[in-house]
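Undergrad: entry.cif (mmCIF, C-alpha atoms) pasted underneath:
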```cif
data_run
#
loop_
_atom_site.label_atom_id
_atom_site.label_comp_id
_atom_site.auth_asym_id
_atom_site.auth_seq_id
_atom_site.Cartn_x
_atom_site.Cartn_y
_atom_site.Cartn_z
CA MET A 1 17.65 -49.35 9.18
CA GLU A 2 14.26 -49.73 7.48
CA ILE A 3 12.65 -48.75 4.19
CA VAL A 4 9.72 -46.34 4.64
CA LYS A 5 7.50 -44.25 2.39
CA ILE A 6 7.50 -40.52 3.06
CA TYR A 7 5.60 -37.58 1.61
CA VAL A 8 7.32 -34.27 0.95
CA SER A 9 4.99 -31.26 0.84
CA ALA A 10 5.01 -28.69 -1.95
CA GLU A 11 4.93 -26.07 0.79
CA MET A 12 7.99 -25.10 2.76
CA SER A 13 8.43 -23.71 6.25
CA SER A 14 11.22 -22.18 8.29
CA CYS A 15 13.34 -23.73 11.01
CA LEU A 16 16.52 -23.08 12.98
CA LEU A 17 19.77 -24.70 11.93
CA GLU A 18 20.75 -27.25 14.54
CA ASP A 19 22.44 -25.69 17.57
CA THR A 20 22.18 -22.17 16.08
CA SER A 21 19.77 -19.24 16.00
CA VAL A 22 19.97 -19.02 12.20
CA GLU A 23 16.56 -19.37 10.52
CA VAL A 24 16.45 -21.14 7.14
CA GLU A 25 13.89 -22.67 4.80
CA CYS A 26 13.10 -26.29 5.56
CA LEU A 27 11.08 -29.16 4.13
CA LEU A 28 7.80 -30.54 5.47
CA ILE A 29 7.65 -34.35 5.49
CA LYS A 30 5.54 -37.11 6.99
CA GLU A 31 5.78 -40.87 6.92
CA ASP A 32 3.08 -43.07 5.44
CA ASN A 33 1.45 -43.77 8.82
CA GLN A 34 1.66 -40.20 10.15
CA GLU A 35 -1.08 -37.56 10.08
CA TYR A 36 0.95 -34.36 10.40
CA TYR A 37 3.93 -32.96 8.59
CA ARG A 38 7.13 -32.09 10.48
CA LYS A 39 10.11 -29.95 9.61
CA ILE A 40 13.52 -31.15 8.45
CA GLU A 41 16.42 -29.20 7.02
CA ILE A 42 16.89 -29.11 3.25
CA GLY A 43 19.53 -31.68 2.41
CA SER A 44 18.51 -34.03 5.22
CA ILE A 45 17.52 -36.72 2.72
CA GLU A 46 20.74 -38.01 1.19
CA GLY A 47 20.58 -38.22 -2.60
CA PHE A 48 17.34 -36.22 -2.87
CA GLU A 49 17.18 -32.84 -4.62
CA TYR A 50 14.03 -30.90 -3.77
CA GLU A 51 12.39 -28.67 -6.38
CA LYS A 52 10.04 -25.97 -5.13
CA ASN A 53 6.31 -26.18 -5.91
CA TYR A 54 6.37 -29.97 -6.28
CA GLU A 55 5.17 -32.63 -3.88
CA TYR A 56 6.80 -36.04 -3.70
CA GLU A 57 6.29 -39.60 -2.58
CA LEU A 58 9.60 -41.29 -1.77
CA PHE A 59 10.96 -44.59 -0.58
CA VAL A 60 13.85 -43.87 1.77
CA GLU A 61 16.19 -45.70 4.09
CA LYS A 62 15.45 -44.57 7.64
CA THR A 63 18.19 -45.01 10.23
CA THR A 64 18.09 -44.03 13.90
CA ILE A 65 21.21 -42.03 14.75
CA ALA A 66 20.39 -40.74 18.26
CA ILE A 67 17.90 -40.96 21.09
CA LEU A 68 17.34 -37.54 22.66
CA GLN A 69 16.73 -36.68 26.31
CA ASN A 70 12.96 -36.48 25.85
CA ASN A 71 13.04 -40.04 24.46
CA THR A 72 12.42 -38.91 20.91
CA LYS A 73 14.60 -40.31 18.16
CA LYS A 74 16.70 -38.53 15.59
CA TYR A 75 16.85 -40.09 12.13
CA LYS A 76 18.77 -39.80 8.92
CA TYR A 77 17.26 -40.58 5.52
CA LYS A 78 18.70 -41.80 2.24
CA LEU A 79 16.74 -41.78 -1.01
CA VAL A 80 15.89 -45.18 -2.45
CA GLU A 81 13.28 -44.27 -5.08
CA ILE A 82 11.12 -41.35 -6.18
CA ILE A 83 7.63 -42.83 -6.46
CA SER A 84 5.95 -39.67 -7.74
CA LYS A 85 6.65 -35.99 -8.35
CA ASP A 86 3.68 -33.69 -9.02
CA LYS A 87 3.44 -30.00 -9.79
CA VAL A 88 1.34 -28.15 -7.20
CA GLN A 89 -0.29 -24.72 -7.43
CA PHE A 90 -2.23 -22.89 -4.76
CA LYS A 91 -4.80 -20.31 -5.77
CA TYR A 92 -6.54 -17.98 -3.34
CA VAL A 93 -10.12 -16.80 -3.68
CA ILE A 94 -11.50 -13.89 -1.65
CA GLN A 95 -15.24 -13.36 -1.58
CA THR A 96 -17.63 -10.88 0.00
CA GLU A 97 -21.41 -10.62 -0.17
CA GLN A 98 -21.22 -6.82 -0.53
CA LYS A 99 -21.03 -5.03 -3.86
CA ASN A 100 -17.68 -3.94 -5.21
CA PRO A 101 -17.18 -0.99 -5.08
CA PHE A 102 -18.73 -0.48 -1.69
CA ILE A 103 -20.58 2.87 -1.77
CA LEU A 104 -20.65 4.95 1.41
CA PRO A 105 -23.41 7.53 1.95
CA PRO A 106 -22.36 11.20 1.55
CA GLU A 107 -22.26 11.71 5.33
CA GLY A 108 -19.82 8.79 5.76
CA GLY A 109 -19.88 6.58 8.83
CA VAL A 110 -18.30 3.39 10.17
CA PHE A 111 -18.94 0.13 8.31
CA GLU A 112 -17.93 -3.53 8.55
CA ILE A 113 -17.75 -5.68 5.43
CA PRO A 114 -17.31 -9.44 6.06
CA PHE A 115 -15.24 -11.45 3.59
CA TYR A 116 -14.02 -15.02 3.27
CA VAL A 117 -10.73 -16.53 2.15
CA TYR A 118 -10.46 -19.87 0.37
CA ARG A 119 -7.41 -21.70 -0.90
CA ALA A 120 -7.65 -24.15 -3.78
CA LYS A 121 -4.96 -26.77 -4.33
CA TYR A 122 -4.25 -27.96 -7.88
CA VAL A 123 -2.08 -30.99 -8.57
CA GLU A 124 -0.99 -31.20 -12.20
CA ASN A 125 -3.75 -28.64 -13.01
CA ARG A 126 -6.44 -30.76 -11.35
CA LEU A 127 -8.39 -29.34 -8.41
CA VAL A 128 -7.94 -31.67 -5.44
CA GLN A 129 -8.89 -29.53 -2.46
CA LYS A 130 -10.64 -26.27 -1.55
CA GLU A 131 -10.80 -25.03 2.02
CA TYR A 132 -11.16 -21.92 4.14
CA TYR A 133 -7.68 -20.54 4.69
CA SER A 134 -5.91 -17.72 6.50
CA LEU A 135 -4.42 -14.60 4.96
CA LYS A 136 -1.06 -15.36 6.58
CA SER A 137 1.91 -14.68 4.28
CA LEU A 138 -0.22 -12.96 1.63
CA LYS A 139 0.59 -9.31 0.94
CA TYR A 140 -1.67 -6.27 0.94
CA ARG A 141 -1.74 -2.69 -0.34
CA ILE A 142 -4.17 -0.15 1.15
CA CYS A 143 -4.60 3.24 -0.49
CA THR A 144 -6.66 6.27 0.43
CA ASN A 145 -6.38 9.94 -0.42
CA PHE A 146 -9.50 11.49 1.04
CA GLY A 147 -9.47 10.79 4.73
CA GLY A 148 -10.81 7.25 4.90
CA LEU A 149 -9.55 4.78 7.50
CA THR A 150 -9.24 1.08 6.65
CA SER A 151 -8.35 -1.95 8.76
CA ILE A 152 -8.67 -5.71 8.30
CA GLU A 153 -9.67 -7.80 11.29
CA LYS A 154 -10.52 -11.38 12.13
CA ASN A 155 -14.27 -11.97 12.09
CA GLY A 156 -14.84 -14.64 14.73
CA GLU A 157 -12.65 -17.61 15.57
CA PHE A 158 -13.01 -19.67 12.40
CA VAL A 159 -10.14 -19.83 9.93
CA GLY A 160 -10.65 -17.75 6.79
CA PHE A 161 -13.26 -15.32 8.16
CA TYR A 162 -12.31 -11.63 8.15
CA LYS A 163 -13.85 -8.19 7.80
CA PHE A 164 -12.95 -4.78 6.44
CA VAL A 165 -13.59 -2.05 9.00
CA ILE A 166 -13.81 1.33 7.26
CA GLU A 167 -14.50 4.79 8.59
CA ARG A 168 -15.11 8.11 6.89
CA ARG A 169 -16.41 11.02 8.95
CA GLY A 170 -18.39 13.84 7.40
CA TYR A 171 -18.98 15.30 3.97
CA PHE A 172 -16.30 16.36 1.52
CA ASN A 173 -15.64 17.93 -1.86
CA MET A 174 -12.24 17.16 -3.32
CA ARG A 175 -10.48 18.30 -6.46
CA GLY A 176 -9.07 15.22 -8.18
CA ASN A 177 -9.95 11.54 -8.34
CA PRO A 178 -10.08 9.96 -4.90
CA GLU A 179 -8.66 6.45 -4.47
CA TRP A 180 -9.69 4.18 -1.63
CA TYR A 181 -9.08 0.46 -1.92
CA CYS A 182 -7.49 -2.64 -0.43
CA SER A 183 -5.71 -5.17 -2.67
CA PHE A 184 -4.46 -8.67 -1.87
CA TYR A 185 -1.42 -10.27 -3.54
CA ASN A 186 0.46 -13.55 -3.55
CA SER A 187 3.50 -13.73 -1.28
CA ASP A 188 5.99 -13.64 -4.17
CA VAL A 189 4.88 -10.20 -5.48
CA ASP A 190 7.33 -7.35 -4.85
CA LEU A 191 5.03 -4.49 -3.83
CA LEU A 192 7.91 -2.04 -3.58
CA PHE A 193 8.84 -2.14 -7.27
CA ASP A 194 6.04 -4.06 -8.99
CA VAL A 195 3.16 -1.60 -9.27
CA ILE A 196 1.27 -3.37 -12.07
CA SER A 197 0.80 -6.87 -10.63
CA VAL A 198 -2.77 -8.14 -10.87
CA PRO A 199 -4.10 -8.65 -7.33
CA ILE A 200 -5.91 -11.73 -6.10
CA TYR A 201 -8.72 -9.41 -5.09
CA LYS A 202 -9.25 -5.64 -4.93
CA GLN A 203 -11.97 -4.12 -2.76
CA ILE A 204 -12.85 -0.56 -3.71
CA PHE A 205 -14.58 1.97 -1.44
CA GLU A 206 -16.34 5.08 -2.73
CA GLN A 207 -18.18 7.98 -1.13
CA SER A 208 -20.29 10.48 -3.05
CA GLN A 209 -18.79 13.96 -3.03
CA THR A 210 -20.86 16.96 -2.00
CA GLU A 211 -20.90 20.46 -3.40
CA GLY A 212 -19.55 23.43 -1.48
CA GLU A 213 -16.12 24.83 -0.76
CA GLU A 214 -16.65 24.42 2.98
CA TYR A 215 -16.14 20.68 2.48
CA ASN A 216 -12.93 20.96 0.42
CA ILE A 217 -10.23 18.35 1.21
CA LEU A 218 -6.71 18.26 -0.24
CA PRO A 219 -5.89 15.01 -2.09
CA ILE A 220 -3.18 13.70 0.24
CA ILE A 221 -2.32 10.15 -0.79
CA ASN A 222 -1.61 7.48 1.83
CA ILE A 223 -0.40 4.06 0.67
CA ASN A 224 0.37 1.26 3.10
CA SER A 225 1.58 -2.24 2.26
CA GLY A 226 2.76 -5.28 4.17
CA ILE A 227 2.40 -9.00 4.88
CA PHE A 228 -0.47 -10.54 6.83
CA GLU A 229 0.59 -12.23 10.07
CA LEU A 230 -2.69 -14.07 10.82
#
```
Since I need it in another form, could you write the structure as structure tokens?

TA:
Amino acid sequence: MEIVKIYVSAEMSSCLLEDTSVEVECLLIKEDNQEYYRKIEIGSIEGFEYEKNYEYELFVEKTTIAILQNNTKKYKYKLVEIISKDKVQFKYVIQTEQKNPFILPPEGGVFEIPFYVYRAKYVENRLVQKEYYSLKSLKYRICTNFGGLTSIEKNGEFVGFYKFVIERRGYFNMRGNPEWYCSFYNSDVDLLFDVISVPIYKQIFEQSQTEGEEYNILPIININSGIFEL
């Protein structure tokens, strides 16, 4: 047994319960001399009660309880002292160099609009870090009701670089107010029932209508929502 300092992240992950296929939330911890966080089950630190959205520094008793076949060790931990507990907030910023709304010419076309994703980390309301970050786990809502196609793709190999790819073929004249946009939301927003949540960012697309019944399009609304995987 030894006394070590460990850090508990304000972020959580998922892991499988030992010897099962059941996936549960788990903690991310690292010891004082380690660079990367690793996963442990909630409740693995005896005497410690984790509160979401806080990061901790702890002194714990660390005891080896098994040596596995791959020569790695399995430990158990027991809380000795909470050194610090700090409230953490993550805020996402999405930026593009194009104007918002993005105006398509009357004849339409295919366009790519690069954008960038940053994540800022605040500890006790103080900015401590800002970095390019992925869209993974954020939610989206895409709406169009006049024939536009919208997709979001990675733009290169660097983390945080994406692009809107939009397509609208031909002229049109539609009765009604067309809607064409893509909105980004935090992971805790319920897009099924919460229709008034303020998005992190909303990119609007517009195309000038043309006169003439030969271009008439019915206002069929298409709304798609989901969670980013990358």

Undergrad: So which residues are close to (-17.0, 1.8, -3.1), meaning at most 9 Å away in the file's coordinates with only C-alpha atoms counted, and can you show them as a ChimeraX atom specification?

TA: /A:99-104,180-181,203-207

Undergrad: Selected residues, C-alpha atoms, written as an mmCIF file, keeping the file's coordinate frame, please.

TA:
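The new file again.cif reads:
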```
data_model
loop_
_atom_site.group_PDB
_atom_site.id
_atom_site.type_symbol
_atom_site.label_atom_id
_atom_site.label_comp_id
_atom_site.auth_asym_id
_atom_site.auth_seq_id
_atom_site.Cartn_x
_atom_site.Cartn_y
_atom_site.Cartn_z
ATOM 1 C CA LYS A 99 -21.030 -5.030 -3.860
ATOM 2 C CA ASN A 100 -17.680 -3.940 -5.210
ATOM 3 C CA PRO A 101 -17.180 -0.990 -5.080
ATOM 4 C CA PHE A 102 -18.730 -0.480 -1.690
ATOM 5 C CA ILE A 103 -20.580 2.870 -1.770
ATOM 6 C CA LEU A 104 -20.650 4.950 1.410
ATOM 7 C CA TRP A 180 -9.690 4.180 -1.630
ATOM 8 C CA TYR A 181 -9.080 0.460 -1.920
ATOM 9 C CA GLN A 203 -11.970 -4.120 -2.760
ATOM 10 C CA ILE A 204 -12.850 -0.560 -3.710
ATOM 11 C CA PHE A 205 -14.580 1.970 -1.440
ATOM 12 C CA GLU A 206 -16.340 5.080 -2.730
ATOM 13 C CA GLN A 207 -18.180 7.980 -1.130
#
```

Undergrad: By how many Å are CA of Ile67 (chain A) and CA of Met12 (chain A) apart?

TA: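 Between CA of Ile67 (chain A) and CA of Met12 (chain A) the gap is 26.2 Å.
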
Undergrad: With the PyMOL selection byres ((chain A and resi 48) around 10) as the selection, what would be picked from this file? Answer as a ChimeraX atom specification, please.

TA: /A:42-47,49-51,58,60,77-82

Undergrad: For the point (-20.5, -13.5, -2.2) in file coordinates, what residues are within 12 Å, counting all atoms listed in the file? Give the answer as a list in words?

TA: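 The distance filter leaves exactly Val93, Ile94, Gln95, Thr96, Glu97, Gln98, Lys99, Asn100, Ile113, Pro114, Phe115, Tyr116 and Val117 of chain A.
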
Undergrad: Quick check, in Å to one decimal: how far apart do CA of Arg38 (chain A) and CA of Thr72 (chain A) lie?

TA: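 According to the coordinates, CA of Arg38 (chain A) and CA of Thr72 (chain A) are separated by 13.5 Å.
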
Undergrad: Contacts between region 86-91 of chain A and region 128-200 of chain A, please, where a residue of region 128-200 of chain A counts if it comes within 12 Å (with all atoms listed in the file); show its shortest atom pair and distance in Å to one decimal, rows by chain and ascending number, as a tab-separated table.

TA:
```
residue	atom	partner	partner_atom	distance
A:Val128	CA	A:Val88	CA	10.1
A:Gln129	CA	A:Phe90	CA	9.7
A:Lys130	CA	A:Lys91	CA	9.4
A:Glu131	CA	A:Lys91	CA	10.9
A:Tyr132	CA	A:Lys91	CA	11.9
A:Tyr133	CA	A:Lys91	CA	10.9
A:Leu138	CA	A:Lys91	CA	11.4
A:Tyr185	CA	A:Lys91	CA	10.8
A:Asn186	CA	A:Lys91	CA	8.8
A:Ser187	CA	A:Phe90	CA	11.4
A:Pro199	CA	A:Lys91	CA	11.8
A:Ile200	CA	A:Lys91	CA	8.7
```
